[in-house]
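I have placed the structure first, in the form of structure tokens, so that the comments after it can refer back to it.
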Amino acid sequence: MLLGPADVRRLAESLGVRPTKKLGQNFVHDGNTVRKIVTAAGLGQDEVVLEVGPGLGSLTLALLPAARHVVVCEIDPVLAGQLPLTVAERAPALADRLTIHLGDALKARAEDLRTPDGALPTALVANLPYNVSVPVLLHLLEELPTLDKALVMVQQEVADRLAAGPGSKVYGIPSVKAAWYGDVRRAGPVGRQVFWPVPNVDSGLVSFARRPVPSTVDRKRVFAVVDAAFAQRRKTLRAALAGWAGGAVEAERLIRAAGIDPGIRGEQLTIADYIRIAEAR
């Protein structure tokens, strides 16, 4: 049922598809890898899964038996047109579990991603396009509050950033913003040889578990503080937030009101710290 290396190459050749860096296309062709991903995702039979960038369908075919329905978002019209044919050929009994949205995941709205019976996705499982993986993940977490969990494959460097904690060298804007929505953890490495074409970067899995939004303050207000703090990463909070606050004196007042030392740097703060600063304004 699953696609192997020869199947992937044959399909791509028949469609005239040449994977492009612009779309971040690297097709997974290893059955063990997609089975590992589906198992690690911990899906229930009543789950509605969202997959972004299904490509030729390697992961899609592994997801269909594990969930009630799979909604895919594919930007390439050729690949989107082929996917139902591939599923009909390899898993005909599961073909009615598939819904395809042709479009850019960065622009997708909740209404675009419903199942035929109106349900919204509860889990995101995907090999995300590496060039836009963080923006896509953050957009979907905001657009779909129904997403309780996720397991995504991204560039290893991005996986490290998303899962990093305060004080880490790679802790930054993606780390803090992802933490607004829930808990992010590394879920293991992925070898280069499971892709075609073989990428020149290492890959990794990241797991996500949603928790209640940690504040009633508007998300955009909190994210504005985060953006300001990391825009001048080497500066102290007092200096970095001066523009945001309307001056260094006001920045220091707000930071102290939040119970934080204005002499430390943004990379030392948790999402809870940023929330308190936003609330103090």
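Ordering of the structure tokens sets the chain letters (A, B, ...), residue numbers begin anew at 1 in every chain, and ligands are numbered from 1 in the order given.
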Give one line per residue of region 35-125 of chain A that approaches region 209-224 of chain A to at most 12 Å, naming the two atoms of the closest pair and their distance in Å to one decimal, counting only C-alpha atoms; sort by chain then ascending residue number and deliver it as CSV.
residue,atom,partner,partner_atom,distance
A:Ala41,CA,A:Ala209,CA,10.5
A:Gly42,CA,A:Ala209,CA,11.2
A:Thr122,CA,A:Arg210,CA,10.5
A:Ala123,CA,A:Ala209,CA,9.6
A:Leu124,CA,A:Ala209,CA,10.6
Take the residues just selected and output them with C-alpha atoms as an mmCIF file, in the first residue's frame.
data_model
loop_
_atom_site.group_PDB
_atom_site.id
_atom_site.type_symbol
_atom_site.label_atom_id
_atom_site.label_comp_id
_atom_site.auth_asym_id
_atom_site.auth_seq_id
_atom_site.Cartn_x
_atom_site.Cartn_y
_atom_site.Cartn_z
ATOM 1 C CA ALA A 41 1.667 11.061 16.438
ATOM 2 C CA GLY A 42 -0.507 8.933 18.724
ATOM 3 C CA THR A 122 -7.728 17.887 15.601
ATOM 4 C CA ALA A 123 -4.143 16.901 14.764
ATOM 5 C CA LEU A 124 -1.454 18.165 12.401
#
* Asked: Excluding same-chain residues fewer than 5 positions from Glu47 (chain A), what lies within 7 Å of it counting only C-alpha atoms, as an MDAnalysis selection string?
  -> chainID A and resid 67:69 122
Write a file of the selected residues as a compact mmCIF listing (two decimals), in the first residue's frame, keeping C-alpha atoms.
# COMPACT_ATOMS: atom_id res chain seq x y z
CA ALA A 67 -7.64 8.34 11.51
CA ARG A 68 -11.29 9.04 10.80
CA HIS A 69 -10.44 11.54 8.09
CA THR A 122 -7.73 17.89 15.60
Write out as a PyMOL selection string the residues lying within 8 Å of Ile100 (chain A), counting only C-alpha atoms and excluding same-chain residues fewer than 3 positions away.
chain A and resi 71-74+80
Once you have the residues from the selection above, write them out as a PDB file, in the first residue's frame, restricted to N, CA and C atoms.
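Now in result-v3.pdb:
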ATOM      1  N   VAL A  71      -7.408  15.550   6.023  1.00  0.00           N
ATOM      2  CA  VAL A  71      -7.535  16.737   5.171  1.00  0.00           C
ATOM      3  C   VAL A  71      -6.129  17.149   4.770  1.00  0.00           C
ATOM      4  N   VAL A  72      -5.890  17.264   3.469  1.00  0.00           N
ATOM      5  CA  VAL A  72      -4.568  17.671   3.012  1.00  0.00           C
ATOM      6  C   VAL A  72      -4.647  19.054   2.374  1.00  0.00           C
ATOM      7  N   CYS A  73      -3.577  19.802   2.561  1.00  0.00           N
ATOM      8  CA  CYS A  73      -3.452  21.125   1.950  1.00  0.00           C
ATOM      9  C   CYS A  73      -2.234  21.084   1.040  1.00  0.00           C
ATOM     10  N   GLU A  74      -2.462  21.208  -0.257  1.00  0.00           N
ATOM     11  CA  GLU A  74      -1.383  21.098  -1.247  1.00  0.00           C
ATOM     12  C   GLU A  74      -1.432  22.288  -2.192  1.00  0.00           C
ATOM     13  N   ALA A  80      -1.866  17.813  -6.257  1.00  0.00           N
ATOM     14  CA  ALA A  80      -3.210  17.738  -5.671  1.00  0.00           C
ATOM     15  C   ALA A  80      -4.148  16.924  -6.543  1.00  0.00           C
TER      16      ALA A  80
END
Review point. Leaving out His29 (chain A) and any residue of its chain fewer than 5 positions from it, which residues lie within 8 Å of it when counting only C-alpha atoms, given as a count of residues only?
Key: 8
Next on the checklist: So, with only C-alpha atoms as the atoms that count, which of A:Ala95, A:Val154, A:Leu128, A:Val201 lies closest to Gly188 (chain A)?
Outcome noted: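 Between A:Ala95, A:Val154, A:Leu128, A:Val201, the residue approaching Gly188 (chain A) most closely is A:Val154.
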As a ChimeraX atom specification, please: the residues near Thr146 (chain A) (cut-off 10 Å, only C-alpha atoms, same-chain neighbours under 4 positions excluded). /A:48,110,119-123,140-142,210
Counting only C-alpha atoms, the option among A:Leu106, A:Met153, A:Ile271, A:Leu85 closest to Trp180 (chain A) =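 Smallest separation from Trp180 (chain A) among the options: A:Ile271.
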inquiry  = Can you tell me which residues surround Lys36 (chain A) at a distance of at most 12 Å, considering only C-alpha atoms, apart from same-chain residues fewer than 6 positions away, and format the answer as a ChimeraX atom specification?
reply    = /A:30,42,59,62-63,125,151-153,187-190,205
Any chance you can output those residues with N, CA and C atoms as a compact mmCIF listing (two decimals), in the first residue's frame?
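This is the output file result.txt:
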# COMPACT_ATOMS: atom_id res chain seq x y z
N ASP A 30 10.39 6.32 2.27
CA ASP A 30 10.70 5.18 3.14
C ASP A 30 9.50 4.82 4.00
N GLY A 42 0.47 9.39 17.73
CA GLY A 42 -0.51 8.93 18.72
C GLY A 42 -1.94 9.24 18.35
N LEU A 59 3.15 9.84 3.07
CA LEU A 59 2.63 9.92 4.45
C LEU A 59 1.10 9.80 4.47
N ALA A 62 -0.17 6.36 4.82
CA ALA A 62 0.02 5.79 6.16
C ALA A 62 -0.95 6.39 7.17
N LEU A 63 -1.40 7.63 6.91
CA LEU A 63 -2.32 8.30 7.83
C LEU A 63 -3.76 7.80 7.69
N VAL A 125 -0.21 16.46 11.22
CA VAL A 125 0.89 15.52 11.01
C VAL A 125 1.41 15.78 9.60
N LEU A 151 2.59 16.55 15.08
CA LEU A 151 3.90 15.93 14.91
C LEU A 151 4.35 16.32 13.51
N VAL A 152 5.38 17.15 13.45
CA VAL A 152 5.82 17.65 12.15
C VAL A 152 7.30 17.38 11.94
N MET A 153 7.64 17.18 10.67
CA MET A 153 9.02 17.02 10.28
C MET A 153 9.51 18.35 9.72
N ALA A 187 11.24 15.14 18.87
CA ALA A 187 10.72 13.78 18.86
C ALA A 187 11.60 12.83 18.05
N GLY A 188 12.85 13.24 17.81
CA GLY A 188 13.78 12.34 17.16
C GLY A 188 14.28 12.83 15.81
N PRO A 189 15.46 12.34 15.39
CA PRO A 189 16.04 12.73 14.10
C PRO A 189 15.46 11.91 12.95
N VAL A 190 15.62 12.42 11.74
CA VAL A 190 15.22 11.71 10.52
C VAL A 190 16.40 11.74 9.56
N LEU A 205 11.98 15.50 13.93
CA LEU A 205 10.56 15.53 14.27
C LEU A 205 10.34 16.38 15.51
Going by DSSP on the backbone, which bits of region 62-272 of chain A are strand (DSSP E)? Write them as a PyMOL selection string, please. chain A and resi 69-74+98-102+123-127+149-155+182-190+195-196+203-210
- Out of region 64-275 of chain A, which residues get helix (DSSP H, G or I) from DSSP, as a PyMOL selection string? chain A and resi 64-66+77-90+92-97+110-113+130-143+156-163+173-181+192-194+219-231+237-240+242-245+248-257+266-268+271-275
Among A:Gly103, A:Gly182, A:Gly259, A:Gly16, Gln82 (chain A) is approached most closely, using only C-alpha atoms, by A:Gly16
